[in-house]
Each structure stands twice: as structure tokens, then as C-alpha cells.
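Q: Please see the structure below; I have some questions.
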Amino acid sequence: MQIDGSRKVPKTGLYSVILLLEGGRNIMIDANDIEVIYFIEDITVPCMTGKMIINDRYGLIEYGPFTGNEKINLKYGKNFDREMLFDIFKIGKIGQAGMHNPTADTQMELYFVDTLFMPLTIKKYSRSFGTGAKFSDIINHMLRNIIGLNSSFLKVNESINTIDNYIIPWWTILQTINFLSDRAEDSKGAGCLFYNNTDNGFKVNFKSYNWLNSIDNYKEAKEYIFESGNVADENKILEYWINGLDKFSNKFLRGGKFLGYDFETKTLLEKDFDYSDGIDSSILLGKTSLYPDISQIATVNLFGDTTEKMLENRAYSAWIKRYQKQLIVNFIVEGREDRYAGQQIEVKWPSVDKKQYYNKAFKGKYLIKTVTHMFGRDRSLPYKQRLVCIKNAYNNIDSKDLMSTTNYNIYDEGATKYN
């Protein structure tokens, strides 16, 4: 694998891009020729993706045809530089950049993806595992022995449940992991996610939503603020907006009936799972749920799993992956290379009520779902990040209709409970 995100490289200032062409030819792209470059890491997406638009004064299309083996080497960072390697996945529009010399001033759109994507999706495999195989052991085996990832890149939480006589039925690695993710559970519960991020350079992760929301995952000590007298404050929020309600997902959260079949006992398996079950099973970043108890059997789902535990895990996994996206807050901040998707942060959200200092609903911890690393020509702020953050509960809202949480992870003026 050509992944080396943990290696520090000499300080380059803002950022630098090298285009690695077929045959060993490398071209350093001048930052002034880059219209835009960004890449995205997301806990709900298995691989990082990005886009670059460059003004091609190098005559790249004259070097020879692109074969799909080209790579982009991106070095960036404020306090120390990180190095990321990406595969060019698609070449989009190629057109003129200006009117003065339309054939010479060519602009190219390049879409890229991290180098793990191809091994995850191209080749198919078939392999059997014996009785009592842990979900995490199967995933570790595929990533280390089939793909060839070094264990230093892996953060795979140990699963507490097992599967008997599992066979990979001529699937890609990603298809297999998606199947296992819906059924596995770690020490904090089900609802597992497979993704990679820039944690300490580059890490491949397999963790549950509850683990990501737990105190075990909290590292950020400095709070994020909206106002600061320090112009160099890296945690100052420059801009924010909140996504609206997704009513379709809200309907699914009301509950459902999940059906499976046990072939050994020849019996139908049936599991009712509703909104209150999901709230009671989740670790929330606040003390009250996002909605009142809206429980009702709204859907019937023929999952077909063969054990009650696996059926229960799939029901909760489907529920929590929708619930976590119900309150999404976007922050624009100055770029910092030690932020990553899957990180918890604490936000000091001011109140419009003059009688209290903080917003009772929005102050508190957030889980970073997505980090978009954005690089531009603005010398005052050449590296910015968009943080898409999950707030899965309210901290201390006045509404009396919401459900009190069973498990939460907050610190709020002496009222502390960590899970």
C-alpha cells in the first residue's frame, strides 16, 4: 500500500501539490495555478475524496494520455506538515481558462480519492471463517492479510459478538465490511461505522456511534467559541449554519417491526424497535432527546437475519444512523491539521437571553461527522475547514416533552455523567 500519512515532511508554508504521472514524471503545481483544492473525510463514507481545479500552463495533456495510474501528493498543515497521497479517480471538464489564449490557457478538473479505495472495491474474494469468529477479527484479517495494511494504520474496535461459519461469498472487501457493519457491536453497542480519517496522519477505523460519542473518545481540551479577542485563536468559529429537519428520516425513527428466520429451529424471528428503545440504547451528547416519544410501528422490514441478536443489532444500527443526522451544525474555522472526522469538540454557544450566558440547548459537546479541508489563495486564511458536526441531544432545553436520556456524555456546570 502506498499510504504514509504518519510521516512528517519539511515545512512548506501553506500547502504544496505534486502531480505524479505515469512513468515516474513528477510536476510541482504552483499554488497560483490552483483555483481550488479540497478533500473530505467523513465517518459515514469509507474513503476520503477530493477535487482540484488547476490552470494547466504545464501542458499536462501533451505529456501523453492519462491512464488512471496518476496520483496527487498533497502536503499541508499549519503547525507541522502532513503528507497525503491520492489516486486520480476521474478527470472532469477540460476547457479554456481565459479568452486571451484559449488553447494555451487550459483549465482541468481532477477528482481524486485516497489510495485505499481501489483495493476495497476492485477485487472480489471468497473465504470461510469457522465457528465463533469475531466481526472485528474478520475485518482485521481482510485489511491486514488481503489488502496488506500495516497494523499501525488500523483502529478497529474489538467486537463483543461473533458469527458462526461466515463465508465471504465472492464479494469485494467493502461489500463484506458493509455487511458486517450492520450486525457488529463493540463494547458500547451496535451501529458500527467503517471509515478513514487524518487522525495522526492516516487511520482506518471501525467503531460504533456510541463509542464515538463516549468519553473514551474525548480529547479536545480547548473549547470552540464565537467571539475571541485573540485574532490567532484557532478554535474561533468564523461562520455557522444548521441543517433543517429531514421528515422522511423522522418517520423511520418512529419505529418498525423487523423480521428474520431461524433455520435451525424453523421459527420466524420478530423484533419491535421504536424511538424510545433507540434513545435508551444510545450515548447522547446532552440530557434530553431531540424529539418527544414518537414511538409507533411505522414500517415492516424483512431483514431475514437468522438470530435474534443479529436482528436486534441491525434494527438499532439502521435507527441510530438516521437519528444521528437529525441535528447537524456546520462550522467554518481556520484550518488545523490535528482535526479529524470522528473527533469530539466542545462549543461555548452564547445565548440571546441577557439573563443567561450560554445557550442551554446548543452549548456542549459535538461529534465531528465531516471535515472538509479547503485550500485557497487567500493569504490571510489559506487553509480553512468546514466541520459538519452532530448534536444528538439538547443540553438543558426548557421543553418538558422531550425524553430524558439514560446514557449521556456532558460536562455542564457541575452536572456530570460520562459514558
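Chain labels A, B, ... are given in the sequence in which chains occur in the C-alpha cells; within each chain residues are numbered consecutively from 1, and ligands are likewise numbered from 1 in the order shown.
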If we count only C-alpha atoms, what is near segment 48-56 of chain A at a cut-off of 8 Å, once residues fewer than 3 positions away on the same chain are taken out, given as a short mmCIF file (atom, residue, chain, number, x, y, z; two decimals) with C-alpha atoms, in the first residue's frame?
A:
data_model
loop_
_atom_site.label_atom_id
_atom_site.label_comp_id
_atom_site.auth_asym_id
_atom_site.auth_seq_id
_atom_site.Cartn_x
_atom_site.Cartn_y
_atom_site.Cartn_z
CA ASP A 33 -2.26 27.88 -10.71
CA ILE A 34 -4.70 26.11 -8.36
CA GLU A 35 -8.21 27.56 -8.48
CA VAL A 36 -9.45 25.26 -5.73
CA ILE A 37 -8.36 22.11 -3.96
CA TYR A 38 -10.14 20.35 -1.14
CA PHE A 39 -10.59 16.88 0.30
CA ILE A 40 -13.27 15.45 2.56
CA GLU A 41 -13.17 12.89 5.37
CA ASP A 42 -16.48 11.59 6.74
CA VAL A 45 -18.01 7.30 3.98
CA GLY A 59 0.81 21.26 -20.97
CA LEU A 60 -0.23 18.17 -19.00
CA ALA A 97 -9.26 29.23 -18.58
CA ASP A 105 -4.77 28.63 -21.02
CA THR A 106 -6.39 25.29 -20.27
CA GLN A 107 -8.26 24.51 -17.06
CA MET A 108 -8.62 20.95 -15.73
CA GLU A 109 -10.91 19.42 -13.12
CA LEU A 110 -9.38 16.47 -11.28
CA TYR A 111 -11.37 14.30 -8.86
CA PHE A 112 -9.33 12.14 -6.52
CA VAL A 113 -9.79 9.50 -3.83
CA ASP A 114 -7.44 8.08 -1.23
CA ASN A 196 -10.72 6.50 7.28
CA ASN A 197 -9.56 9.89 8.53
#
Q: At a cut-off of 12 Å, using only C-alpha atoms, what residues contact Phe248 of chain A? Leave out same-chain residues fewer than 3 positions from it and give the result as JSON, numbers by chain.
A: {"A": [245, 251, 252, 253, 254, 298, 322, 323, 325, 326]}
Q: Those residues with C-alpha atoms, as a compact mmCIF listing (two decimals), in the first residue's frame please?
A:
# COMPACT_ATOMS: atom_id res chain seq x y z
CA LEU A 245 -35.32 18.66 9.58
CA LYS A 251 -40.82 8.94 10.04
CA PHE A 252 -38.45 5.95 10.14
CA LEU A 253 -37.33 6.87 13.68
CA ARG A 254 -40.85 6.27 14.99
CA ALA A 298 -44.32 2.74 11.25
CA ARG A 322 -30.69 8.08 10.84
CA TYR A 323 -31.07 9.63 14.28
CA LYS A 325 -28.20 13.14 11.30
CA GLN A 326 -31.28 14.89 12.68
Q: Could you please write out, as a list in words, every residue of segment 113-193 of chain A that DSSP assigns to strand (DSSP E or B)?
A: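 Of segment 113-193 of chain A, only Val113, Asp114, Lys124, Tyr125, Ser126, Arg127, Ser128, Ala133, Lys134, Leu154, Lys155, Val156, Thr162, Ile163, Ile167, Ile168, Pro169, Trp170, Trp171, Thr172, Glu185, Asp186, Gly189, Ala190, Cys192 and Leu193 of chain A fall in strand (DSSP E or B).
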Q: Would you mind exporting N, CA and C atoms of the selected residues as an mmCIF file, in the first residue's frame?
A:
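Wrote result_12.cif, looks like this:
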data_model
loop_
_atom_site.group_PDB
_atom_site.id
_atom_site.type_symbol
_atom_site.label_atom_id
_atom_site.label_comp_id
_atom_site.auth_asym_id
_atom_site.auth_seq_id
_atom_site.Cartn_x
_atom_site.Cartn_y
_atom_site.Cartn_z
ATOM 1 N N VAL A 113 -9.330 10.325 -4.952
ATOM 2 C CA VAL A 113 -9.786 9.504 -3.827
ATOM 3 C C VAL A 113 -8.556 8.899 -3.172
ATOM 4 N N ASP A 114 -8.643 8.606 -1.875
ATOM 5 C CA ASP A 114 -7.442 8.081 -1.230
ATOM 6 C C ASP A 114 -7.102 6.684 -1.747
ATOM 7 N N LYS A 124 -12.563 -9.187 -5.943
ATOM 8 C CA LYS A 124 -13.520 -9.946 -5.145
ATOM 9 C C LYS A 124 -12.842 -11.168 -4.541
ATOM 10 N N TYR A 125 -13.360 -11.595 -3.400
ATOM 11 C CA TYR A 125 -12.733 -12.691 -2.662
ATOM 12 C C TYR A 125 -13.803 -13.630 -2.115
ATOM 13 N N SER A 126 -13.360 -14.833 -1.836
ATOM 14 C CA SER A 126 -14.205 -15.804 -1.149
ATOM 15 C C SER A 126 -13.352 -16.500 -0.099
ATOM 16 N N ARG A 127 -13.818 -16.495 1.132
ATOM 17 C CA ARG A 127 -13.079 -17.127 2.219
ATOM 18 C C ARG A 127 -14.047 -17.486 3.323
ATOM 19 N N SER A 128 -13.784 -18.578 3.996
ATOM 20 C CA SER A 128 -14.656 -19.016 5.089
ATOM 21 C C SER A 128 -13.978 -18.799 6.430
ATOM 22 N N ALA A 133 -16.285 -16.700 15.081
ATOM 23 C CA ALA A 133 -15.365 -15.667 14.594
ATOM 24 C C ALA A 133 -15.891 -14.289 14.974
ATOM 25 N N LYS A 134 -15.032 -13.455 15.553
ATOM 26 C CA LYS A 134 -15.427 -12.087 15.882
ATOM 27 C C LYS A 134 -15.490 -11.244 14.613
ATOM 28 N N LEU A 154 -4.434 0.929 11.587
ATOM 29 C CA LEU A 154 -5.755 0.397 11.907
ATOM 30 C C LEU A 154 -6.204 0.791 13.310
ATOM 31 N N LYS A 155 -7.452 1.222 13.415
ATOM 32 C CA LYS A 155 -8.117 1.425 14.698
ATOM 33 C C LYS A 155 -9.460 0.699 14.643
ATOM 34 N N VAL A 156 -9.399 -0.605 14.762
ATOM 35 C CA VAL A 156 -10.580 -1.456 14.688
ATOM 36 C C VAL A 156 -10.975 -1.863 16.100
ATOM 37 N N THR A 162 -20.091 -12.477 17.897
ATOM 38 C CA THR A 162 -19.421 -13.351 16.930
ATOM 39 C C THR A 162 -20.421 -13.826 15.880
ATOM 40 N N ILE A 163 -19.888 -14.425 14.835
ATOM 41 C CA ILE A 163 -20.712 -15.004 13.784
ATOM 42 C C ILE A 163 -20.162 -16.383 13.456
ATOM 43 N N ILE A 167 -19.020 -17.005 5.518
ATOM 44 C CA ILE A 167 -18.342 -17.160 4.231
ATOM 45 C C ILE A 167 -18.458 -15.853 3.455
ATOM 46 N N ILE A 168 -17.324 -15.318 3.033
ATOM 47 C CA ILE A 168 -17.337 -14.181 2.111
ATOM 48 C C ILE A 168 -17.728 -14.717 0.745
ATOM 49 N N PRO A 169 -18.891 -14.359 0.215
ATOM 50 C CA PRO A 169 -19.430 -15.015 -0.986
ATOM 51 C C PRO A 169 -19.018 -14.324 -2.299
ATOM 52 N N TRP A 170 -17.709 -14.280 -2.540
ATOM 53 C CA TRP A 170 -17.193 -13.652 -3.757
ATOM 54 C C TRP A 170 -17.604 -12.183 -3.813
ATOM 55 N N TRP A 171 -17.293 -11.476 -2.732
ATOM 56 C CA TRP A 171 -17.569 -10.054 -2.595
ATOM 57 C C TRP A 171 -16.265 -9.266 -2.568
ATOM 58 N N THR A 172 -16.382 -7.953 -2.807
ATOM 59 C CA THR A 172 -15.252 -7.063 -2.561
ATOM 60 C C THR A 172 -15.085 -6.880 -1.049
ATOM 61 N N GLU A 185 -21.159 -5.246 16.983
ATOM 62 C CA GLU A 185 -21.233 -4.315 18.106
ATOM 63 C C GLU A 185 -19.921 -4.355 18.872
ATOM 64 N N ASP A 186 -19.450 -3.180 19.308
ATOM 65 C CA ASP A 186 -18.275 -3.137 20.160
ATOM 66 C C ASP A 186 -18.718 -2.975 21.611
ATOM 67 N N GLY A 189 -21.881 -0.855 21.979
ATOM 68 C CA GLY A 189 -23.136 -1.189 21.313
ATOM 69 C C GLY A 189 -22.985 -1.373 19.824
ATOM 70 N N ALA A 190 -24.124 -1.488 19.132
ATOM 71 C CA ALA A 190 -24.147 -1.703 17.685
ATOM 72 C C ALA A 190 -24.096 -0.354 16.963
ATOM 73 N N CYS A 192 -22.110 0.210 13.927
ATOM 74 C CA CYS A 192 -20.688 0.403 13.632
ATOM 75 C C CYS A 192 -20.483 1.110 12.290
ATOM 76 N N LEU A 193 -19.396 1.860 12.213
ATOM 77 C CA LEU A 193 -19.034 2.631 11.027
ATOM 78 C C LEU A 193 -17.634 2.237 10.575
#
Q: Kindly provide the residues of segment 124-227 of chain A that approach segment 386-394 of chain A to within 12 Å, each paired with its closest atom pair and their distance in Å to one decimal, based on only C-alpha atoms, listed by chain and increasing number, as a tab-separated table.
A:
residue	atom	partner	partner_atom	distance
A:Tyr209	CA	A:Asn392	CA	10.8
A:Asn210	CA	A:Asn392	CA	11.0
A:Leu212	CA	A:Ile390	CA	11.0
A:Asn213	CA	A:Asn392	CA	9.3
A:Tyr224	CA	A:Leu387	CA	11.7
Q: Can you write just those residues out, C-alpha atoms, as a CSV table (one decimal), in the first residue's frame?
A:
chain,number,residue,atom,x,y,z
A,209,TYR,CA,-21.5,5.5,17.0
A,210,ASN,CA,-21.8,5.0,20.8
A,212,LEU,CA,-17.5,7.8,19.2
A,213,ASN,CA,-20.0,9.6,21.4
A,224,TYR,CA,-14.7,26.4,20.4
Q: Would you mind listing what lies within 10 Å of segment 403-405 of chain A as number ranges by chain, with only C-alpha atoms counted and same-chain residues fewer than 5 positions away left out?
A: A: 276, 279-293, 393-394
Q: Pull the alpha helix (DSSP H) assignments for segment 116-318 of chain A out of DSSP run on the backbone, and list those residues as a count of residues only.
A: 51
Q: Rounded to one decimal, what separation in Å do you get between atom CA of Gly364 of chain A and atom CA of Leu381 of chain A?
A: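 Interatomic distance here is 26.9 Å.
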Q: Let me make sure I understand: among A:Lys384, A:Arg57, A:Lys309, A:Lys219, which one has the smallest atom-to-atom distance to Asp262 of chain A if we use only C-alpha atoms?
A: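 Closest to Asp262 of chain A, using only C-alpha atoms: A:Lys309.
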Q: Hey, which of A:Glu62, A:Asp378, A:Asp182, A:Asp87 ends up closest to Leu74 of chain A? Count only C-alpha atoms.
A: A:Asp87
Q: Work out how far atom CA of Ala184 of chain A is from atom CA of Val204 of chain A, in Å to one decimal.
A: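 Straight-line distance from atom CA of Val204 of chain A to atom CA of Ala184 of chain A works out to 16.8 Å.
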Q: Figure out the distance between atom CA of Ser136 of chain A and atom CA of Lys203 of chain A, please, to one decimal in Å.
A: 15.7 Å
Q: What are the nearest atom pairs, with distances in Å to one decimal, for all residues of segment 32-132 of chain A that come at most 10 Å from segment 19-23 of chain A, using only C-alpha atoms, set out by chain and rising residue number as JSON lines?
A:
{"residue": "A:Leu60", "atom": "CA", "partner": "A:Leu21", "partner_atom": "CA", "distance": 9.3}
{"residue": "A:Tyr63", "atom": "CA", "partner": "A:Leu21", "partner_atom": "CA", "distance": 8.9}
{"residue": "A:Gly64", "atom": "CA", "partner": "A:Glu22", "partner_atom": "CA", "distance": 9.0}
{"residue": "A:Pro65", "atom": "CA", "partner": "A:Glu22", "partner_atom": "CA", "distance": 9.2}
{"residue": "A:Phe66", "atom": "CA", "partner": "A:Glu22", "partner_atom": "CA", "distance": 7.8}
{"residue": "A:Thr67", "atom": "CA", "partner": "A:Glu22", "partner_atom": "CA", "distance": 7.5}
{"residue": "A:Gly68", "atom": "CA", "partner": "A:Glu22", "partner_atom": "CA", "distance": 8.7}
{"residue": "A:Asn69", "atom": "CA", "partner": "A:Glu22", "partner_atom": "CA", "distance": 6.3}
{"residue": "A:Glu70", "atom": "CA", "partner": "A:Leu21", "partner_atom": "CA", "distance": 4.9}
{"residue": "A:Lys71", "atom": "CA", "partner": "A:Leu20", "partner_atom": "CA", "distance": 5.0}
{"residue": "A:Ile72", "atom": "CA", "partner": "A:Leu19", "partner_atom": "CA", "distance": 4.9}
{"residue": "A:Asn73", "atom": "CA", "partner": "A:Leu19", "partner_atom": "CA", "distance": 6.4}
{"residue": "A:Leu74", "atom": "CA", "partner": "A:Leu19", "partner_atom": "CA", "distance": 8.9}
{"residue": "A:Leu85", "atom": "CA", "partner": "A:Leu20", "partner_atom": "CA", "distance": 9.8}
{"residue": "A:Phe86", "atom": "CA", "partner": "A:Leu20", "partner_atom": "CA", "distance": 9.9}
{"residue": "A:Asp87", "atom": "CA", "partner": "A:Leu20", "partner_atom": "CA", "distance": 9.5}
{"residue": "A:Ile88", "atom": "CA", "partner": "A:Leu19", "partner_atom": "CA", "distance": 9.5}
Q: Please determine, counting only C-alpha atoms, which residue among A:Lys123, A:Lys207, A:Lys188, A:Lys369 has the shortest atom-to-atom distance to Asn330 of chain A.
A: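 Going through A:Lys123, A:Lys207, A:Lys188, A:Lys369 one by one, the smallest distance to Asn330 of chain A is for A:Lys369.
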Q: Counting only C-alpha atoms, figure out which residue out of A:Ser228, A:Thr299, A:Ser187, A:Asn140 gets nearest to Phe153 of chain A.
A: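 Counting only C-alpha atoms, the residue closest to Phe153 of chain A is A:Asn140.
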